[in-house]
file upload.txt (compact mmCIF, N, CA and C atoms and all ligand atoms)
# COMPACT_ATOMS: atom_id res chain seq x y z
N MET D 1 117.07 98.09 107.88
CA MET D 1 116.43 99.35 107.45
C MET D 1 116.37 99.37 105.93
N THR D 2 115.23 99.68 105.39
CA THR D 2 115.06 99.74 103.94
C THR D 2 115.91 100.90 103.41
N GLU D 3 116.75 100.61 102.45
CA GLU D 3 117.58 101.66 101.87
C GLU D 3 116.75 102.47 100.89
N ILE D 4 116.61 103.74 101.17
CA ILE D 4 115.96 104.61 100.20
C ILE D 4 117.08 105.25 99.40
N THR D 5 116.97 105.12 98.10
CA THR D 5 118.08 105.49 97.24
C THR D 5 118.36 106.99 97.26
N PRO D 6 119.56 107.37 97.56
CA PRO D 6 119.91 108.79 97.50
C PRO D 6 119.75 109.33 96.08
N GLN D 7 119.48 110.61 96.00
CA GLN D 7 119.16 111.22 94.71
C GLN D 7 120.22 110.95 93.64
N GLU D 8 121.47 110.99 94.02
CA GLU D 8 122.51 110.88 93.00
C GLU D 8 122.58 109.48 92.39
N ASP D 9 121.87 108.52 93.00
CA ASP D 9 121.90 107.16 92.50
C ASP D 9 120.79 106.86 91.49
N ILE D 10 119.97 107.84 91.17
CA ILE D 10 118.84 107.54 90.29
C ILE D 10 119.32 107.00 88.95
N GLU D 11 120.43 107.54 88.43
CA GLU D 11 120.92 107.06 87.14
C GLU D 11 121.31 105.60 87.21
N ALA D 12 121.95 105.22 88.33
CA ALA D 12 122.37 103.83 88.50
C ALA D 12 121.16 102.91 88.60
N VAL D 13 120.13 103.36 89.32
CA VAL D 13 118.91 102.55 89.48
C VAL D 13 118.27 102.31 88.12
N LEU D 14 118.14 103.38 87.33
CA LEU D 14 117.51 103.24 86.01
C LEU D 14 118.37 102.37 85.11
N ARG D 15 119.67 102.55 85.17
CA ARG D 15 120.58 101.79 84.31
C ARG D 15 120.45 100.30 84.59
N ARG D 16 120.39 99.96 85.90
CA ARG D 16 120.24 98.54 86.26
C ARG D 16 118.97 97.94 85.68
N LYS D 17 117.93 98.77 85.57
CA LYS D 17 116.65 98.29 85.05
C LYS D 17 116.58 98.42 83.53
N GLY D 18 117.64 98.97 82.93
CA GLY D 18 117.63 99.16 81.49
C GLY D 18 116.70 100.26 81.03
N ILE D 19 116.43 101.23 81.92
CA ILE D 19 115.52 102.33 81.59
C ILE D 19 116.35 103.58 81.31
N PRO D 20 116.22 104.16 80.13
CA PRO D 20 117.01 105.36 79.83
C PRO D 20 116.59 106.57 80.68
N PHE D 21 117.58 107.32 81.14
CA PHE D 21 117.32 108.56 81.90
C PHE D 21 117.27 109.68 80.88
N THR D 22 116.11 109.82 80.26
CA THR D 22 115.96 110.79 79.18
C THR D 22 115.99 112.22 79.72
N ARG D 23 116.14 113.18 78.81
CA ARG D 23 116.17 114.58 79.22
C ARG D 23 114.87 114.94 79.96
N GLN D 24 113.74 114.45 79.45
CA GLN D 24 112.46 114.78 80.08
C GLN D 24 112.32 114.13 81.45
N ARG D 25 112.78 112.88 81.59
CA ARG D 25 112.72 112.23 82.90
C ARG D 25 113.62 112.98 83.89
N ARG D 26 114.78 113.42 83.40
CA ARG D 26 115.70 114.16 84.26
C ARG D 26 115.05 115.46 84.73
N ARG D 27 114.34 116.11 83.81
CA ARG D 27 113.69 117.38 84.15
C ARG D 27 112.63 117.14 85.22
N VAL D 28 111.84 116.07 85.08
CA VAL D 28 110.80 115.76 86.07
C VAL D 28 111.45 115.46 87.42
N TRP D 29 112.54 114.71 87.37
CA TRP D 29 113.26 114.36 88.60
C TRP D 29 113.77 115.61 89.31
N GLU D 30 114.37 116.51 88.51
CA GLU D 30 114.91 117.75 89.09
C GLU D 30 113.81 118.61 89.68
N PHE D 31 112.65 118.58 89.04
CA PHE D 31 111.53 119.36 89.56
C PHE D 31 111.16 118.88 90.97
N PHE D 32 111.04 117.56 91.13
CA PHE D 32 110.61 117.04 92.43
C PHE D 32 111.71 117.17 93.49
N THR D 33 112.96 116.97 93.09
CA THR D 33 114.02 117.09 94.10
C THR D 33 114.22 118.56 94.49
N GLY D 34 113.82 119.49 93.62
CA GLY D 34 113.97 120.91 93.94
C GLY D 34 112.77 121.50 94.66
N ALA D 35 111.68 120.73 94.76
CA ALA D 35 110.45 121.26 95.37
C ALA D 35 110.55 121.21 96.89
N ASP D 36 110.03 122.25 97.56
CA ASP D 36 110.06 122.26 99.02
C ASP D 36 108.72 121.85 99.59
N ARG D 37 107.83 121.38 98.72
CA ARG D 37 106.55 120.88 99.22
C ARG D 37 106.07 119.73 98.34
N ALA D 38 105.09 119.00 98.85
CA ALA D 38 104.52 117.89 98.10
C ALA D 38 103.71 118.44 96.93
N VAL D 39 103.84 117.82 95.77
CA VAL D 39 103.27 118.35 94.54
C VAL D 39 102.44 117.26 93.85
N THR D 40 101.30 117.65 93.28
CA THR D 40 100.52 116.68 92.50
C THR D 40 101.11 116.59 91.10
N ILE D 41 100.74 115.53 90.39
CA ILE D 41 101.24 115.35 89.02
C ILE D 41 100.77 116.51 88.15
N THR D 42 99.52 116.93 88.34
CA THR D 42 98.97 118.03 87.53
C THR D 42 99.76 119.31 87.75
N GLU D 43 100.09 119.59 89.02
CA GLU D 43 100.86 120.81 89.31
C GLU D 43 102.26 120.74 88.71
N ALA D 44 102.87 119.56 88.77
CA ALA D 44 104.20 119.39 88.19
C ALA D 44 104.13 119.61 86.68
N ALA D 45 103.11 119.06 86.06
CA ALA D 45 102.95 119.21 84.60
C ALA D 45 102.72 120.66 84.24
N ASP D 46 101.91 121.37 85.03
CA ASP D 46 101.66 122.79 84.78
C ASP D 46 102.96 123.58 84.86
N ALA D 47 103.77 123.27 85.89
CA ALA D 47 105.02 124.00 86.10
C ALA D 47 106.01 123.75 84.97
N MET D 48 105.91 122.60 84.31
CA MET D 48 106.88 122.26 83.26
C MET D 48 106.33 122.46 81.86
N ARG D 49 105.14 122.99 81.76
CA ARG D 49 104.49 123.10 80.46
C ARG D 49 105.34 123.90 79.47
N CYS D 50 105.89 125.02 79.93
CA CYS D 50 106.64 125.87 79.01
C CYS D 50 108.00 125.29 78.64
N GLU D 51 108.36 124.16 79.27
CA GLU D 51 109.63 123.51 78.91
C GLU D 51 109.39 122.34 77.97
N ALA D 52 108.21 122.30 77.37
CA ALA D 52 107.88 121.27 76.39
C ALA D 52 107.96 119.85 76.98
N VAL D 53 107.60 119.73 78.26
CA VAL D 53 107.46 118.41 78.85
C VAL D 53 105.96 118.19 79.03
N GLY D 54 105.39 117.27 78.26
CA GLY D 54 103.94 117.08 78.26
C GLY D 54 103.42 116.43 79.52
N GLN D 55 102.12 116.62 79.78
CA GLN D 55 101.51 116.08 80.99
C GLN D 55 101.59 114.56 81.03
N ALA D 56 101.40 113.90 79.88
CA ALA D 56 101.48 112.44 79.85
C ALA D 56 102.88 111.96 80.21
N THR D 57 103.89 112.71 79.75
CA THR D 57 105.28 112.36 80.05
C THR D 57 105.56 112.50 81.54
N VAL D 58 105.06 113.61 82.12
CA VAL D 58 105.25 113.84 83.55
C VAL D 58 104.55 112.71 84.33
N TYR D 59 103.32 112.40 83.92
CA TYR D 59 102.55 111.37 84.59
C TYR D 59 103.29 110.03 84.57
N ARG D 60 103.78 109.64 83.40
CA ARG D 60 104.48 108.35 83.28
C ARG D 60 105.79 108.35 84.06
N ALA D 61 106.49 109.47 84.03
CA ALA D 61 107.77 109.55 84.75
C ALA D 61 107.55 109.44 86.26
N VAL D 62 106.50 110.12 86.76
CA VAL D 62 106.22 110.07 88.19
C VAL D 62 105.81 108.65 88.60
N GLN D 63 104.98 108.02 87.78
CA GLN D 63 104.58 106.63 88.07
C GLN D 63 105.81 105.72 88.11
N LEU D 64 106.68 105.92 87.13
CA LEU D 64 107.91 105.11 87.06
C LEU D 64 108.76 105.31 88.31
N PHE D 65 109.01 106.57 88.67
CA PHE D 65 109.85 106.87 89.84
C PHE D 65 109.21 106.32 91.11
N ASN D 66 107.88 106.42 91.19
CA ASN D 66 107.18 105.90 92.37
C ASN D 66 107.29 104.37 92.43
N ASP D 67 107.12 103.72 91.29
CA ASP D 67 107.24 102.25 91.24
C ASP D 67 108.63 101.81 91.68
N LEU D 68 109.63 102.60 91.34
CA LEU D 68 111.02 102.25 91.66
C LEU D 68 111.39 102.68 93.09
N GLY D 69 110.44 103.29 93.80
CA GLY D 69 110.72 103.73 95.16
C GLY D 69 111.54 105.00 95.23
N LEU D 70 111.59 105.75 94.11
CA LEU D 70 112.41 106.96 94.06
C LEU D 70 111.61 108.21 94.45
N LEU D 71 110.31 108.15 94.32
CA LEU D 71 109.44 109.22 94.79
C LEU D 71 108.43 108.60 95.74
N ALA D 72 108.12 109.30 96.82
CA ALA D 72 107.14 108.79 97.77
C ALA D 72 105.79 109.45 97.53
N ARG D 73 104.73 108.67 97.63
CA ARG D 73 103.38 109.18 97.45
C ARG D 73 102.82 109.56 98.83
N VAL D 74 102.31 110.78 98.96
CA VAL D 74 101.70 111.23 100.22
C VAL D 74 100.38 111.91 99.88
N GLN D 75 99.58 112.22 100.91
CA GLN D 75 98.31 112.91 100.68
C GLN D 75 98.28 114.23 101.44
N ASP D 76 97.59 115.22 100.89
CA ASP D 76 97.40 116.44 101.67
C ASP D 76 96.10 116.31 102.46
N GLY D 77 95.72 117.36 103.19
CA GLY D 77 94.57 117.31 104.07
C GLY D 77 93.25 117.09 103.36
N ARG D 78 93.23 117.34 102.04
CA ARG D 78 92.00 117.14 101.28
C ARG D 78 92.02 115.83 100.49
N GLY D 79 93.06 115.05 100.74
CA GLY D 79 93.14 113.75 100.09
C GLY D 79 93.78 113.76 98.72
N ALA D 80 94.33 114.91 98.28
CA ALA D 80 94.99 114.97 96.98
C ALA D 80 96.28 114.15 97.04
N ILE D 81 96.51 113.35 96.02
CA ILE D 81 97.71 112.51 95.95
C ILE D 81 98.87 113.37 95.47
N CYS D 82 99.91 113.46 96.28
CA CYS D 82 101.08 114.26 95.95
C CYS D 82 102.32 113.38 96.02
N TYR D 83 103.42 113.91 95.53
CA TYR D 83 104.67 113.15 95.53
C TYR D 83 105.79 114.00 96.10
N ILE D 84 106.71 113.34 96.78
CA ILE D 84 107.89 114.04 97.30
C ILE D 84 109.13 113.22 97.00
N ALA D 85 110.25 113.92 96.84
CA ALA D 85 111.54 113.27 96.55
C ALA D 85 112.02 112.54 97.80
N PRO D 86 112.90 111.57 97.61
CA PRO D 86 113.32 110.72 98.72
C PRO D 86 114.23 111.43 99.71
N PRO D 87 114.21 110.98 100.95
CA PRO D 87 115.11 111.52 101.95
C PRO D 87 116.52 110.96 101.76
N ILE D 88 117.49 111.68 102.25
CA ILE D 88 118.86 111.17 102.28
C ILE D 88 119.08 110.65 103.69
N GLY D 89 119.56 109.42 103.82
CA GLY D 89 119.77 108.85 105.14
C GLY D 89 118.44 108.52 105.81
N HIS D 90 118.46 108.35 107.12
CA HIS D 90 117.26 107.97 107.83
C HIS D 90 116.52 109.21 108.30
N SER D 91 115.56 109.64 107.50
CA SER D 91 114.74 110.77 107.91
C SER D 91 113.31 110.50 107.47
N HIS D 92 112.38 111.26 108.02
CA HIS D 92 110.98 111.10 107.67
C HIS D 92 110.39 112.46 107.35
N PRO D 93 109.35 112.48 106.50
CA PRO D 93 108.72 113.77 106.18
C PRO D 93 107.62 114.12 107.16
N LEU D 94 107.57 115.41 107.52
CA LEU D 94 106.45 115.99 108.25
C LEU D 94 105.77 116.91 107.25
N ILE D 95 104.52 116.62 106.93
CA ILE D 95 103.85 117.28 105.82
C ILE D 95 102.68 118.12 106.32
N CYS D 96 102.64 119.40 105.89
CA CYS D 96 101.49 120.25 106.25
C CYS D 96 100.31 119.85 105.37
N GLY D 97 99.20 119.51 106.00
CA GLY D 97 98.01 119.06 105.27
C GLY D 97 97.33 120.15 104.48
N ILE D 98 97.70 121.40 104.73
CA ILE D 98 97.04 122.50 104.02
C ILE D 98 97.93 123.01 102.88
N CYS D 99 99.15 123.47 103.19
CA CYS D 99 99.99 124.03 102.13
C CYS D 99 100.99 123.02 101.58
N ARG D 100 101.08 121.83 102.21
CA ARG D 100 101.92 120.71 101.76
C ARG D 100 103.42 120.95 101.95
N ARG D 101 103.77 121.95 102.73
CA ARG D 101 105.17 122.14 103.02
C ARG D 101 105.73 120.87 103.66
N VAL D 102 106.94 120.49 103.27
CA VAL D 102 107.54 119.27 103.80
C VAL D 102 108.78 119.61 104.62
N ILE D 103 108.81 119.16 105.85
CA ILE D 103 110.00 119.28 106.70
C ILE D 103 110.53 117.87 106.90
N ARG D 104 111.84 117.70 106.74
CA ARG D 104 112.45 116.38 107.00
C ARG D 104 112.99 116.38 108.42
N PHE D 105 112.67 115.35 109.16
CA PHE D 105 113.27 115.27 110.49
C PHE D 105 114.14 114.02 110.58
N ASP D 106 115.16 114.11 111.38
CA ASP D 106 116.10 113.01 111.56
C ASP D 106 115.39 111.88 112.29
N GLY D 107 115.44 110.69 111.70
CA GLY D 107 114.70 109.57 112.30
C GLY D 107 115.60 108.55 112.97
N GLU D 108 116.87 108.89 113.16
CA GLU D 108 117.81 107.93 113.73
C GLU D 108 117.32 107.42 115.09
N GLY D 109 117.08 106.12 115.18
CA GLY D 109 116.69 105.53 116.46
C GLY D 109 115.25 105.81 116.87
N ASP D 110 114.47 106.43 115.97
CA ASP D 110 113.13 106.88 116.37
C ASP D 110 112.20 105.78 116.86
N LEU D 111 112.20 104.66 116.15
CA LEU D 111 111.23 103.62 116.50
C LEU D 111 111.90 102.38 117.09
N THR D 112 113.08 102.57 117.66
CA THR D 112 113.85 101.45 118.19
C THR D 112 113.04 100.65 119.21
N ALA D 113 112.38 101.35 120.12
CA ALA D 113 111.63 100.67 121.18
C ALA D 113 110.45 99.88 120.59
N LEU D 114 109.74 100.51 119.66
CA LEU D 114 108.60 99.84 119.03
C LEU D 114 109.06 98.61 118.25
N GLU D 115 110.16 98.77 117.50
CA GLU D 115 110.66 97.66 116.69
C GLU D 115 111.12 96.49 117.57
N ALA D 116 111.77 96.82 118.68
CA ALA D 116 112.22 95.77 119.60
C ALA D 116 111.02 95.04 120.19
N HIS D 117 110.00 95.82 120.55
CA HIS D 117 108.77 95.24 121.10
C HIS D 117 108.11 94.31 120.08
N LEU D 118 108.00 94.78 118.83
CA LEU D 118 107.37 93.98 117.78
C LEU D 118 108.16 92.71 117.52
N SER D 119 109.48 92.86 117.49
CA SER D 119 110.34 91.71 117.25
C SER D 119 110.13 90.66 118.33
N GLU D 120 110.05 91.13 119.57
CA GLU D 120 109.86 90.24 120.71
C GLU D 120 108.51 89.52 120.65
N THR D 121 107.46 90.29 120.34
CA THR D 121 106.11 89.73 120.42
C THR D 121 105.71 88.95 119.17
N THR D 122 106.34 89.22 118.04
CA THR D 122 105.93 88.55 116.81
C THR D 122 106.97 87.58 116.27
N GLY D 123 108.23 87.70 116.74
CA GLY D 123 109.29 86.85 116.22
C GLY D 123 109.84 87.34 114.89
N PHE D 124 109.34 88.48 114.41
CA PHE D 124 109.86 89.03 113.15
C PHE D 124 111.27 89.57 113.35
N ASP D 125 112.09 89.43 112.31
CA ASP D 125 113.36 90.15 112.26
C ASP D 125 113.06 91.48 111.57
N ILE D 126 112.96 92.56 112.34
CA ILE D 126 112.55 93.86 111.80
C ILE D 126 113.75 94.54 111.14
N TYR D 127 113.57 94.99 109.89
CA TYR D 127 114.69 95.65 109.20
C TYR D 127 114.36 97.04 108.71
N GLY D 128 113.17 97.52 108.92
CA GLY D 128 112.90 98.88 108.44
C GLY D 128 111.49 99.33 108.73
N HIS D 129 111.21 100.59 108.42
CA HIS D 129 109.86 101.11 108.57
C HIS D 129 109.65 102.26 107.62
N HIS D 130 108.38 102.58 107.43
CA HIS D 130 108.00 103.68 106.55
C HIS D 130 107.10 104.58 107.38
N LEU D 131 107.45 105.85 107.49
CA LEU D 131 106.70 106.72 108.39
C LEU D 131 106.52 108.10 107.77
N GLU D 132 105.28 108.58 107.81
CA GLU D 132 104.98 109.95 107.39
C GLU D 132 104.19 110.58 108.53
N VAL D 133 104.49 111.83 108.83
CA VAL D 133 103.75 112.52 109.89
C VAL D 133 103.04 113.71 109.26
N TYR D 134 101.78 113.89 109.62
CA TYR D 134 100.98 114.97 109.05
C TYR D 134 100.58 115.98 110.12
N GLY D 135 100.50 117.23 109.72
CA GLY D 135 100.09 118.26 110.66
C GLY D 135 99.75 119.54 109.93
N ILE D 136 99.60 120.61 110.68
CA ILE D 136 99.33 121.94 110.10
C ILE D 136 100.51 122.82 110.50
N CYS D 137 101.17 123.40 109.51
CA CYS D 137 102.38 124.20 109.78
C CYS D 137 102.03 125.52 110.46
N PRO D 138 103.02 126.20 111.05
CA PRO D 138 102.74 127.45 111.76
C PRO D 138 102.06 128.52 110.90
N SER D 139 102.47 128.66 109.63
CA SER D 139 101.84 129.67 108.76
C SER D 139 100.37 129.38 108.57
N CYS D 140 100.07 128.09 108.32
CA CYS D 140 98.67 127.73 108.10
C CYS D 140 97.86 127.84 109.39
N ARG D 141 98.49 127.54 110.52
CA ARG D 141 97.80 127.70 111.79
C ARG D 141 97.45 129.15 112.03
N ALA D 142 98.36 130.04 111.57
CA ALA D 142 98.11 131.47 111.74
C ALA D 142 97.14 131.99 110.70
N GLY D 143 96.76 131.12 109.75
CA GLY D 143 95.76 131.50 108.75
C GLY D 143 96.27 132.49 107.72
N LYS D 144 97.58 132.41 107.40
CA LYS D 144 98.12 133.30 106.38
C LYS D 144 97.71 132.77 105.01
N ALA D 145 96.72 133.43 104.41
CA ALA D 145 96.12 132.93 103.18
C ALA D 145 97.14 132.84 102.04
N GLY D 146 98.16 133.70 102.07
CA GLY D 146 99.13 133.73 100.97
C GLY D 146 99.90 132.44 100.83
N ASP D 147 99.98 131.66 101.89
CA ASP D 147 100.75 130.43 101.84
C ASP D 147 99.94 129.23 101.35
N HIS D 148 98.66 129.44 101.15
CA HIS D 148 97.82 128.29 100.81
C HIS D 148 97.90 127.94 99.33
N VAL D 149 97.85 126.66 99.05
CA VAL D 149 97.81 126.20 97.67
C VAL D 149 96.34 126.00 97.31
N GLU D 150 95.90 126.59 96.23
CA GLU D 150 94.49 126.38 95.83
C GLU D 150 94.42 125.51 94.60
ZN ZN D 201 101.02 124.87 105.87
ZN ZN D 202 112.51 106.22 111.29
call {"tool": "encode", "arguments": {"input": "upload.txt", "output": "structure tokens"}}
result
Amino acid sequence: MTEITPQEDIEAVLRRKGIPFTRQRRRVWEFFTGADRAVTITEAADAMRCEAVGQATVYRAVQLFNDLGLLARVQDGRGAICYIAPPIGHSHPLICGICRRVIRFDGEGDLTALEAHLSETTGFDIYGHHLEVYGICPSCRAGKAGDHVE
């Protein structure tokens, strides 16, 4: 199973790569780990504007975290590229395509049968998977306009 780095290890990951965990990078990281929905880079930059974290800084930090596997890239129902913080342990995100709310579900043993089948038929030694599930959340299904992100 691919180890997705728990949040508290981000400093260790950056240190190993010789990348400083600057105040601004920390702020960007905290923004994404504190968000309850998938967020675009532009929205993150807008939210941090008054904290003197520039859009270019946010953009570069998100790219860096994504390259390091610390933030996952997902899409909403309109194809907007958003980012979400990593899961702790074996879980997967269920993402609302309209309001981008993210629910984490426990993935323990979820694809065991499929992985065993693939291993048998292909001869691969399977060690992990990457899974995102998309849908429309109950609020959006009920058409509550207040929950929508525009
Ligand atoms: Zn929704
Ligand atoms: Zn899984």
call {"tool": "atom_distance", "arguments": {"input": "upload.txt", "atom1": "atom C of Arg27 of chain D", "atom2": "atom N of Val102 of chain D"}}
result
19.2 Å
call {"tool": "residues_around", "arguments": {"input": "upload.txt", "residues": "Ala72 of chain D", "least_positions_apart": "2", "cutoff": "8 Å", "atoms": "all atoms listed in the file", "output": "number ranges by chain"}}
result
D: 65-67, 69-70, 74-75, 82-87
call {"tool": "atom_distance", "arguments": {"input": "upload.txt", "atom1": "atom N of Ala61 of chain D", "atom2": "atom CA of Asp76 of chain D"}}
result
21.0 Å
call {"tool": "closest_residue", "arguments": {"input": "upload.txt", "among": "D:Ile136, D:Ala142, D:Ala52, D:Leu131", "to": "ligand ZN 201 (chain D)", "atoms": "only N, CA and C atoms and all ligand atoms"}}
result
D:Ile136
call {"tool": "residues_around", "arguments": {"input": "upload.txt", "residues": "Phe105 of chain D", "least_positions_apart": "3", "cutoff": "8 Å", "atoms": "only N, CA and C atoms", "output": "PDB file with N, CA and C atoms, keeping the file's coordinate frame"}}
result
ATOM      1  N   HIS D  90     118.460 108.350 107.120  1.00  0.00           N
ATOM      2  CA  HIS D  90     117.260 107.970 107.830  1.00  0.00           C
ATOM      3  C   HIS D  90     116.520 109.210 108.300  1.00  0.00           C
ATOM      4  N   SER D  91     115.560 109.640 107.500  1.00  0.00           N
ATOM      5  CA  SER D  91     114.740 110.770 107.910  1.00  0.00           C
ATOM      6  C   SER D  91     113.310 110.500 107.470  1.00  0.00           C
ATOM      7  N   HIS D  92     112.380 111.260 108.020  1.00  0.00           N
ATOM      8  CA  HIS D  92     110.980 111.100 107.670  1.00  0.00           C
ATOM      9  C   HIS D  92     110.390 112.460 107.350  1.00  0.00           C
ATOM     10  N   PRO D  93     109.350 112.480 106.500  1.00  0.00           N
ATOM     11  CA  PRO D  93     108.720 113.770 106.180  1.00  0.00           C
ATOM     12  C   PRO D  93     107.620 114.120 107.160  1.00  0.00           C
ATOM     13  N   LEU D  94     107.570 115.410 107.520  1.00  0.00           N
ATOM     14  CA  LEU D  94     106.450 115.990 108.250  1.00  0.00           C
ATOM     15  C   LEU D  94     105.770 116.910 107.250  1.00  0.00           C
ATOM     16  N   VAL D 102     106.940 120.490 103.270  1.00  0.00           N
ATOM     17  CA  VAL D 102     107.540 119.270 103.800  1.00  0.00           C
ATOM     18  C   VAL D 102     108.780 119.610 104.620  1.00  0.00           C
ATOM     19  N   GLU D 108     116.870 108.890 113.160  1.00  0.00           N
ATOM     20  CA  GLU D 108     117.810 107.930 113.730  1.00  0.00           C
ATOM     21  C   GLU D 108     117.320 107.420 115.090  1.00  0.00           C
TER      22      GLU D 108
END
call {"tool": "closest_residue", "arguments": {"input": "upload.txt", "among": "D:Gly54, D:Leu118, D:Gln24, D:Ile95", "to": "Glu132 of chain D", "atoms": "only N, CA and C atoms"}}
result
D:Ile95
call {"tool": "residues_around", "arguments": {"input": "upload.txt", "residues": "Glu30 of chain D", "least_positions_apart": "3", "cutoff": "12 Å", "atoms": "only C-alpha atoms", "output": "MDAnalysis selection string"}}
result
chainID D and resid 7:8 10 21 23:27 33:36 44 48 58 61:62 71 84:85
call {"tool": "atom_distance", "arguments": {"input": "upload.txt", "atom1": "atom N of Cys137 of chain D", "atom2": "atom N of Ile98 of chain D"}}
result
6.2 Å
call {"tool": "closest_residue", "arguments": {"input": "upload.txt", "among": "D:Asp110, D:Gly79, D:Leu14, D:His117", "to": "ligand ZN 202 (chain D)", "atoms": "all atoms listed in the file"}}
result
D:Asp110
call {"tool": "closest_residue", "arguments": {"input": "upload.txt", "among": "D:Glu115, D:Glu43, D:Asp106, D:Glu51", "to": "ligand ZN 202 (chain D)", "atoms": "only N, CA and C atoms and all ligand atoms"}}
result
D:Asp106
call {"tool": "closest_residue", "arguments": {"input": "upload.txt", "among": "D:Leu111, D:Ala80, D:Val28, D:Cys99", "to": "ligand ZN 201 (chain D)", "atoms": "only N, CA and C atoms and all ligand atoms"}}
result
D:Cys99
call {"tool": "closest_residue", "arguments": {"input": "upload.txt", "among": "D:Val13, D:Ile41, D:Ala47, D:Ile126", "to": "Arg60 of chain D", "atoms": "only C-alpha atoms"}}
result
D:Ile41
call {"tool": "select_by_dssp", "arguments": {"input": "upload.txt", "residues": "chain D", "states": "alpha helix (DSSP H)", "output": "JSON, numbers by chain"}}
result
{"D": [10, 11, 12, 13, 14, 15, 16, 17, 23, 24, 25, 26, 27, 28, 29, 30, 31, 32, 33, 34, 41, 42, 43, 44, 45, 46, 47, 48, 55, 56, 57, 58, 59, 60, 61, 62, 63, 64, 65, 66, 67, 112, 113, 114, 115, 116, 117, 118, 119, 120, 121, 122, 138, 139, 140, 141]}
call {"tool": "axis_aligned_box", "arguments": {"input": "upload.txt", "around": "segment 9-13 of chain D", "padding_each_side": "5 Å", "output": "lines of an AutoDock Vina configuration file"}}
result
center_x = 120.3
center_y = 105.4
center_z = 90.1
size_x = 14.1
size_y = 16.2
size_z = 15.9
